[in-house]
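Listing of coords_10.cif; format and content: mmCIF, C-alpha atoms.
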data_protein
#
loop_
_atom_site.label_atom_id
_atom_site.label_comp_id
_atom_site.auth_asym_id
_atom_site.auth_seq_id
_atom_site.Cartn_x
_atom_site.Cartn_y
_atom_site.Cartn_z
CA MET A 1 35.81 28.80 37.80
CA PRO A 2 36.25 27.88 34.12
CA ASP A 3 37.92 30.39 31.82
CA MET A 4 34.97 32.06 30.10
CA SER A 5 37.14 33.52 27.34
CA ARG A 6 38.11 30.19 25.80
CA ARG A 7 36.25 28.28 23.12
CA CYS A 8 34.22 25.20 23.94
CA PRO A 9 36.57 22.33 24.74
CA ILE A 10 34.63 19.85 22.57
CA ILE A 11 37.25 19.65 19.86
CA LYS A 12 37.04 16.15 18.48
CA PRO A 13 34.72 13.14 18.43
CA GLY A 14 35.44 10.53 21.04
CA ASP A 15 36.39 12.84 23.93
CA PHE A 16 35.88 11.16 27.27
CA PHE A 17 36.12 12.15 30.90
CA PRO A 18 37.28 9.94 33.79
CA ARG A 19 34.66 8.53 36.07
CA SER A 20 36.53 9.78 39.12
CA GLY A 21 34.89 12.88 40.52
CA TRP A 22 31.72 12.61 38.43
CA GLY A 23 28.84 10.66 39.83
CA GLY A 24 25.53 9.74 38.22
CA VAL A 25 23.13 12.30 36.82
CA LEU A 26 24.54 15.09 38.99
CA GLY A 27 27.97 14.54 37.47
CA ILE A 28 26.50 14.74 33.96
CA LEU A 29 24.76 18.02 34.75
CA VAL A 30 27.91 19.50 36.29
CA LEU A 31 29.98 18.31 33.34
CA GLY A 32 27.58 19.98 30.94
CA ALA A 33 27.72 23.24 32.86
CA VAL A 34 31.51 23.29 33.18
CA PHE A 35 32.45 22.10 29.71
CA LEU A 36 29.76 23.83 27.68
CA GLY A 37 28.24 26.59 29.78
CA GLY A 38 31.26 28.86 29.46
CA CYS A 39 31.53 28.94 25.68
CA ALA A 40 32.47 32.32 24.26
CA SER A 41 30.60 31.59 21.04
CA SER A 42 27.42 33.56 20.37
CA GLY A 43 25.92 30.27 19.25
CA VAL A 44 23.82 29.21 16.29
CA LYS A 45 20.07 29.77 16.26
CA GLU A 46 17.43 27.78 14.43
CA PRO A 47 17.41 26.76 11.66
CA PHE A 48 20.68 24.85 12.02
CA SER A 49 22.21 21.50 11.15
CA LEU A 50 24.64 19.45 13.21
CA VAL A 51 27.51 17.68 11.47
CA PRO A 52 30.36 15.54 12.86
CA LEU A 53 33.65 17.38 13.36
CA LYS A 54 35.29 14.89 10.99
CA GLY A 55 33.85 12.48 8.43
CA GLU A 56 30.21 11.47 8.12
CA GLN A 57 29.75 10.35 11.73
CA ALA A 58 31.23 10.83 15.17
CA ILE A 59 33.00 7.71 16.45
CA PHE A 60 34.25 6.46 19.81
CA SER A 61 36.18 3.20 19.98
CA ARG A 62 37.85 1.37 22.84
CA GLU A 63 38.72 -2.24 23.62
CA GLY A 64 36.71 -3.55 20.67
CA LEU A 65 33.61 -1.48 21.48
CA THR A 66 32.67 1.15 18.89
CA LEU A 67 29.91 3.76 19.06
CA SER A 68 29.13 5.72 15.90
CA ILE A 69 26.49 8.40 15.68
CA ARG A 70 25.29 10.84 13.07
CA PRO A 71 22.59 13.52 13.13
CA LEU A 72 19.51 13.02 10.98
CA GLU A 73 17.82 15.91 9.24
CA GLU A 74 14.08 16.11 9.91
CA LYS A 75 13.09 14.55 6.58
CA GLU A 76 15.73 11.83 6.92
CA GLY A 77 14.53 11.03 10.44
CA MET A 78 10.94 10.66 9.27
CA GLU A 79 12.04 8.41 6.41
CA TYR A 80 13.99 6.26 8.87
CA LEU A 81 10.91 5.81 11.04
CA LYS A 82 8.59 5.10 8.13
CA ALA A 83 10.99 2.49 6.72
CA ARG A 84 10.58 0.63 10.00
CA GLY A 85 6.83 0.38 9.83
CA PHE A 86 5.67 3.71 11.22
CA GLU A 87 3.57 4.92 8.32
CA SER A 88 0.65 7.02 9.57
CA PHE A 89 2.51 10.12 10.73
CA SER A 90 0.61 13.38 10.86
CA GLU A 91 1.73 16.97 11.28
CA GLU A 92 1.32 16.44 15.01
CA ILE A 93 4.61 14.52 15.04
CA GLY A 94 6.44 17.38 13.38
CA ASP A 95 4.92 19.85 15.84
CA LEU A 96 7.12 18.33 18.55
CA THR A 97 10.17 19.81 16.75
CA LEU A 98 12.49 16.95 17.55
CA ILE A 99 16.14 16.50 16.68
CA SER A 100 17.26 12.94 15.99
CA PHE A 101 20.51 10.99 15.81
CA LEU A 102 21.22 7.52 14.49
CA LEU A 103 23.32 5.45 16.90
CA LYS A 104 25.13 2.22 16.04
CA VAL A 105 26.94 0.12 18.64
CA ASP A 106 29.38 -2.54 17.40
CA ASN A 107 30.72 -4.83 20.12
CA GLN A 108 33.78 -6.80 19.00
CA SER A 109 35.09 -7.17 22.54
CA GLY A 110 34.85 -10.36 24.57
CA GLU A 111 32.43 -8.79 27.06
CA LYS A 112 28.77 -7.82 27.02
CA ALA A 113 28.19 -4.09 26.51
CA VAL A 114 25.35 -2.32 28.31
CA ILE A 115 23.96 1.17 27.68
CA ASP A 116 21.66 2.83 30.21
CA PRO A 117 19.68 5.58 28.43
CA SER A 118 19.18 7.50 31.68
CA GLY A 119 22.81 8.61 31.38
CA THR A 120 22.51 9.88 27.79
CA ARG A 121 22.36 13.66 27.31
CA PHE A 122 22.42 16.20 24.49
CA LEU A 123 24.81 19.00 25.48
CA THR A 124 23.73 22.08 23.54
CA GLY A 125 26.09 24.55 25.18
CA TYR A 126 23.21 26.71 26.39
CA GLY A 127 21.03 26.13 29.43
CA PRO A 128 20.50 22.70 30.99
CA THR A 129 21.47 19.47 29.26
CA MET A 130 18.67 17.68 27.39
CA SER A 131 17.44 14.17 28.20
CA LEU A 132 16.29 11.61 25.65
CA MET A 133 12.67 11.61 24.61
CA THR A 134 11.07 8.55 26.18
CA TYR A 135 7.86 6.60 25.83
CA ALA A 136 6.43 8.61 28.71
CA HIS A 137 7.31 11.93 27.04
CA LEU A 138 5.65 10.96 23.77
CA TYR A 139 2.58 9.58 25.54
CA SER A 140 2.21 12.92 27.28
CA ASP A 141 3.12 15.25 24.39
CA LEU A 142 1.34 13.63 21.44
CA PRO A 143 -2.44 14.02 21.20
CA PRO A 144 -4.48 10.80 21.14
CA GLY A 145 -4.88 9.24 17.71
CA PRO A 146 -3.43 6.72 15.25
CA SER A 147 -0.05 8.46 15.02
CA ARG A 148 0.58 8.31 18.74
CA GLU A 149 -0.62 4.73 19.10
CA GLU A 150 1.50 3.58 16.16
CA LEU A 151 4.64 5.26 17.42
CA LEU A 152 4.22 4.12 21.02
CA LYS A 153 3.52 0.52 20.01
CA GLY A 154 7.01 -0.04 18.66
CA PHE A 155 8.96 2.83 20.19
CA ASP A 156 11.27 0.57 22.19
CA ARG A 157 12.28 -1.28 19.00
CA ILE A 158 13.75 1.80 17.35
CA SER A 159 14.70 4.16 20.16
CA LEU A 160 17.14 4.00 23.06
CA ASP A 161 14.25 4.00 25.52
CA ARG A 162 15.42 1.33 27.95
CA MET A 163 18.63 -0.36 29.08
CA GLU A 164 20.13 -2.25 26.13
CA SER A 165 22.76 -4.99 26.09
CA VAL A 166 24.95 -5.94 23.13
CA PRO A 167 26.59 -9.38 23.30
CA PRO A 168 30.15 -10.02 22.11
CA GLY A 169 30.16 -9.89 18.33
CA GLY A 170 26.76 -8.17 18.26
CA THR A 171 25.50 -4.84 16.99
CA LEU A 172 22.71 -2.48 18.02
CA GLN A 173 21.11 0.33 16.04
CA ARG A 174 18.80 2.87 17.67
CA ILE A 175 17.48 6.35 16.99
CA LEU A 176 17.99 9.02 19.66
CA LEU A 177 15.28 11.66 19.93
CA PHE A 178 15.59 14.97 21.77
CA ARG A 179 13.49 18.11 21.85
CA ARG A 180 15.04 20.46 19.31
CA PRO A 181 16.64 23.47 21.01
CA GLU A 182 16.21 26.99 19.67
CA LYS A 183 19.94 27.61 19.95
CA VAL A 184 23.16 25.59 20.23
CA ALA A 185 26.81 26.46 20.68
CA GLU A 186 29.14 26.25 17.70
CA GLU A 187 30.08 22.83 19.07
CA ALA A 188 27.65 20.46 20.79
CA GLY A 189 27.68 16.81 21.74
CA ILE A 190 25.97 13.62 22.86
CA LEU A 191 27.21 12.34 26.21
CA PHE A 192 26.91 8.64 27.09
CA GLY A 193 27.27 8.76 30.85
CA SER A 194 26.24 5.17 31.64
CA LEU A 195 28.11 2.74 29.41
CA TYR A 196 29.48 -0.59 30.63
CA LEU A 197 31.73 -3.24 29.14
CA GLY A 198 31.44 -6.39 31.21
CA GLN A 199 31.65 -5.34 34.86
CA LYS A 200 33.66 -2.22 34.05
CA ARG A 201 32.14 1.19 33.55
CA VAL A 202 33.54 2.93 30.49
CA ASP A 203 34.61 6.53 31.07
CA GLN A 204 31.92 9.03 30.20
CA VAL A 205 31.96 9.27 26.42
CA LEU A 206 31.24 12.46 24.50
CA LEU A 207 30.65 12.40 20.72
CA SER A 208 30.96 15.89 19.27
CA PHE A 209 29.40 17.91 16.43
CA LYS A 210 29.60 21.38 14.98
CA ALA A 211 26.54 23.50 14.31
CA ILE A 212 25.99 25.08 10.89
CA SER A 213 23.40 27.76 10.29
CA ARG A 214 20.90 27.04 7.50
CA GLU A 215 19.69 30.62 7.25
CA GLU A 216 20.00 32.10 3.77
#

Spell out the structure here as structure tokens.
Amino acid sequence: MPDMSRRCPIIKPGDFFPRSGWGGVLGILVLGAVFLGGCASSGVKEPFSLVPLKGEQAIFSREGLTLSIRPLEEKEGMEYLKARGFESFSEEIGDLTLISFLLKVDNQSGEKAVIDPSGTRFLTGYGPTMSLMTYAHLYSDLPPGPSREELLKGFDRISLDRMESVPPGGTLQRILLFRRPEKVAEEAGILFGSLYLGQKRVDQVLLSFKAISREE
């Protein structure tokens, strides 16, 4: 049993956990329960912001492969989407209460990097881990209309919605969308559980953030 009196062990960006002993989606769920479920913190309720523990973004780097990620405030996320051709957003989009992150992958290794979105999770510290919003989720959650059709048409161009490969010397930029939780621990994180460099699986990578209340 984990020590329930300690703080969350997410203490710095770029934490990673060995592959040994953790397998597939089950391993991700167990990891989330063990490493975040026992936090002593009373947590931070909505409205809150997430910020990297250090600097403007959380960064993981190994063997020439670098992942950087930063949370986007709601207005900033909408501006990002609109700048990429998604103009006709209605209040229906905002009703989904999403939380978004901007991910950049820079591959300066000599191998192809591959990210499988099925292994990406938002660890809130409370309850089950959260999966990425996918095309199927948006198709189901958004009511029919121009906004849904516009977003779905190019969703795979902006979101980590399918397996992506980054060649040596290449970069990839994607937005990560999750349902916004009502409460997070004082420290939360994005776990990349399915990341490969060439034929080698990279250890499960956790990029960490602290939660700041926006209540006045």

Chain and number of each residue from the PyMOL selection byres ((chain A and resi 184-200) around 7), as a ChimeraX atom specification: /A:8,10,28,41,43-45,111-116,119-126,181,183,201-202,204-211

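As for CA of Arg174 (chain A) and CA of Leu50 (chain A), they are spaced 18.1 Å apart.
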
Point-to-point distance in Å for CA of Met130 (chain A) and CA of Ser42 (chain A): 19.4 Å

Selection result for the PyMOL selection byres ((chain A and resi 107) around 12) on this file, as number ranges by chain: A: 60-68, 104-106, 108-115, 165-173, 196-198

Contacts of Ile175 (chain A) at 6 Å (only C-alpha atoms; same-chain gap of 4+ positions) as a PyMOL selection string: chain A and resi 101-103+158-159

Two-atom distance - CA of Gly154 (chain A), CA of Glu76 (chain A) (Å):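 Computed distance, CA of Gly154 (chain A) to CA of Glu76 (chain A), equals 18.8 Å.
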
Surrounding residues of Leu98 (chain A) excluding itself and chain neighbours under 5 positions, 12 Å, all atoms listed in the file, as a list in words: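 Residues near the query, excluding close chain neighbours: Pro71, Leu72, Glu73, Glu74, Lys75, Gly77, Met78, Glu92, Ile93, Met130, Leu132, Met133, His137, Leu138, Asp141, Ile175, Leu176, Leu177, Phe178, Arg179, Arg180, Pro181 and Glu182 of chain A.
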
Among the residues A:Ile99, A:Val51, A:Leu81, A:Leu152, the one that comes closest to Ser213 (chain A) [using all atoms listed in the file]: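 Smallest distance to Ser213 (chain A) is found for A:Val51.
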